[in-house]
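*Asks:* My questions will all concern the structure given below.
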Amino acid sequence: MDALQLVALVAASAAIAGLARRTPVPAPLLLVAVGLAASYVPGVPDYTLDPHIVLPLILPPLLYTAAVDSSYLDLRANIRPVALLSVGYVLFATVAVGWLAYVLVPDLPLTAALVLGAVVAPPDAVAATAIARKLGLPNRITTILQGESLVNDATAITAYKVALAAAVGEGISWAGGVGEFALASLGGIGVGLVLMVPIHWLRRGLGDSLLQNTLSLLIPFVAYAAAEEVGASGVLAVVVVGLFLGHRAWQVDFATRLQEEAVWKMVAFILESAVFALIGLQLPYVVQGLGQYGMGEAIGYAVGVFVAVVVVRFVWVYPATFLPRLSGRVRSREPGVDWKAPLVVGWAGMRGVVSLAIAFSIPVVTDGVEFPARNLVLFLTFTTVIGTLVVQGLTLPPLIRFLKLPGRDRYAETLAEAQAQSEASRAAEERLDALLADERNALPQPLADRLRTVLERRRNAVWERLGAVNEVTGETADDTYRRLSREMIDAEREVFVQLRDARRIDDEMMRTLLRRLDLEEAAAYREEAAD
């Protein structure tokens, strides 16, 4: 892939993802569909997933952004269901789907079938969590799906390595497999724990938002490479570091947080868009490699594996949800659950780029031993990924609406936010009174009143969202305040530009003045976006 092809892929993917935001179709599904169609358009270059690029260069930043945005406290509170899905389910799916594929496909060795099982075992929850948030699913379900996607890749990659060693006749034992799994998991967590504190210390010590964000871009790659270098799981190392830094993000300055959020949103948007487009573009390569298997025969196997993947997830999810609740301790510590939540979690098992990247990494020959039925395994992985994205991805939103799950309680959330803001404002007011009592902090009364006014508006803003609205516009008082504030900022901005054009101020001064306005507008926008 040359530079022009890469630019074309990124630009087209971003355009399609942007278009998806104006439609009810989730962006991953539209990107895959367009990729499938484009793969047979004359003149479209061949884009082949390279596992040496996807796993070390694309997977770490995607995992890091997801980990930083996750709640460590929510994940800790839901550690049991997350562990059962991200570890227990992946291992169960590896064995169950592998055995079913072994029964279904004649002449497919059991070891090769287990490789297939490991490859298709980990769900990619990017699309699922996007749908969950868009439809306002309960926070616990979203947390469980997101937590599963953070860890399950590490489990699947380790299971794949063990199964691959057995498939090419390296004679790995059960004890050896367990040992490799323990090294990968514990080692990955250990590397993350070793790196997270020094990295956080370095971020805080740099004291420059530009340098801090440059370091931020390097963190996932450093963590992944360090863990892989010692034979541990790079995925878990990235997740541990990301969770810690996200939990401690309040300790870096505001400029770094503002820049970092914008930078990582852009990176995640570009990577996710390109990755899902690449999935669809793999069709010609995968079909050409079928070789001895006829298309009709291969499609029959594909349908069987797809059904197995879907059914096996439900076979695991329902018992894993209800059996632990036989314990009174679990029932007392976790909220009640009915049959609807496991149904959503079970149906949200869409596969993604990690499965394809692992499949493409299967070697044709290892130490003179050819991997059996590699092309068929690649085809079955591709069809499973496409099948789950299309079938489950398109039906998940209507399923959620049909089940009428209780959504997030916006009123309760706003009330909790208002109470938190009130307590914080009270502490800030006490701090201000103590500071102003010191003659070293003497201020003219108008400036002191301004500090109190800003504090009072921040305290009242959230409470006003719970109150009455303007009968004409439907806005709360705080909404109107923000709108008028931004209109005033726009008027100031136009004057600054006019003064620059009239050569009464230079460009450097204009940029300084505009930056002040930008920060004020950013504060208003962030408050509005959080509503």
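For the structure tokens, the naming scheme is as follows: chains receive sequential letters (A, B, ...) according to their order of presentation, residues are indexed from 1 within each chain, and ligands are indexed from 1 in presentation order.
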Tell me which protein, DNA and RNA residues are within 7 Å of Arg459 of chain A, counting only C-alpha atoms, leaving out same-chain ones fewer than 5 positions away, and put them as a list in words.

*Replies:*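 Non-adjacent residues within range: Gln421, Ser422 and Ser425 of chain A.
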
*Asks:* May I have the selected residues written with C-alpha atoms, as a JSON list (two decimals), in the first residue's frame?

*Replies:*
```
[["chain", "number", "residue", "atom", "x", "y", "z"],
["A", 421, "GLN", "CA", -21.57, 21.01, 42.16],
["A", 422, "SER", "CA", -23.22, 22.59, 45.20],
["A", 425, "SER", "CA", -18.98, 25.46, 45.14]]
```

*Asks:* Just asking: which residues within segment 419-465 of chain A are alpha helix (DSSP H) according to DSSP, as a VMD selection string?

*Replies:* chain A and resid 419 to 436 445 to 465

*Asks:* Rank nothing, just name the residue among A:Ala448, A:Thr94, A:Asp2, A:Asp124 nearest to Leu110 of chain A, using only C-alpha atoms.

*Replies:*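 Closest to Leu110 of chain A, using only C-alpha atoms: A:Thr94.
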
*Asks:* Could you name the residues that touch Trp339 of chain A at 10 Å or less, counting only C-alpha atoms, but leaving out those on the same chain fewer than 5 positions away, as a VMD selection string?

*Replies:* chain A and resid 318 321 to 322 344

*Asks:* I'd like to know which residues of segment 221-442 of chain A are strand (DSSP E or B) (by DSSP, run on the backbone); could you write them as a ChimeraX atom specification?

*Replies:* /A:365-366,369-370

*Asks:* Counting only C-alpha atoms, which of A:Phe360, A:Tyr224, A:Trp201, A:Tyr301 gets nearest to Leu104 of chain A?

*Replies:* A:Tyr301

*Asks:* Report the distance between atom CA of Gly18 of chain A and atom CA of His52 of chain A in Å, rounded to one decimal place.

*Replies:* 28.2 Å

*Asks:* Mind giving me the straight-line distance from atom CA of Thr473 of chain A to atom CA of Asp490 of chain A in Å, one decimal?

*Replies:*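 According to the coordinates, atom CA of Thr473 of chain A and atom CA of Asp490 of chain A are separated by 20.8 Å.
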